[in-house]
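Only one structure is covered here, and it is reproduced in the block below.
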Amino acid sequence: MAQDYVILGFSADKWNVYKAELEHDFSADKDKLEICSNYVTDGNEHHGIGSAGVQKIISLARMLKCKEIWGKAESYLDETEEGKERLRNFYKKKGFVFEENNDYFSMKL
């Protein structure tokens with residue numbers, strides 16, 4: 001069984017600056033929150049919005065009593081190798097661990 005969640009962030013002038021789409025899989029052998037998409041809108045990067053969003057995701061996962069948060073690191077704005085590495089570093093700084101293939105990340109709770 002699964003439940004979907006969306007976290008939105010807005011600026012003071014009511015512009016959407018952040019969106020995360022999540023899926024909580026709470027079947028018998030799992031209790032994981034998947035980050036399906038997680039992004040700051042173009043032009044709003046480097047202001048701590050993504051970091052604040054990840055903290056909300058972690059808080060939601062703890063509230064739902066999830067055992068793990070996971071996702072795939074995909075950059076929608078910068079698909080270069082440098083952009084992918086920046087994204088991996090972002091998640092690593094937040095406490096996520098990457099698998100050997102460097103695409104999937106997770107955090108045990």
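Within each chain, counting starts at residue 1; across the structure tokens, chains are named A, B, ... in the order shown, with ligands numbered 1 upward in that order.
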Inset, instruction - Can you check which residues of chain A DSSP gives as strand (DSSP E) on the backbone and send them as a ChimeraX atom specification? - result: /A:2-10,16-25,32-40,68-72,97-98,104-108
Inset, instruction - Using only C-alpha atoms, determine which residues lie at most 12 Å from stretch 50-56 of chain A, disregarding the query and same-chain residues fewer than 2 positions distant; provide the list as an MDAnalysis selection string. - result: chainID A and resid 5:10 17:22 35 37:42 44:48 58:63 69:71 87 90:96 107
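For the pair atom CA of A:Val97 and atom CA of A:Gln3, the interatomic distance is 24.1 Å.
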Legend entry - Per-residue DSSP, chain A, filtered to helix (DSSP H, G or I), as an NGL selection string: :A and (49-63 or 81-93)
Legend entry - Pick from A:Ala12, A:Gly83, A:Ala73, A:Glu34, whichever lies nearest to A:Tyr104 using only C-alpha atoms: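 Smallest separation from A:Tyr104 among the options: A:Ala73.
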Legend entry - Gap from atom CA of A:Lys67 to atom CA of A:Lys30 - Å, one decimal: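 Computed distance, atom CA of A:Lys67 to atom CA of A:Lys30, equals 8.0 Å.
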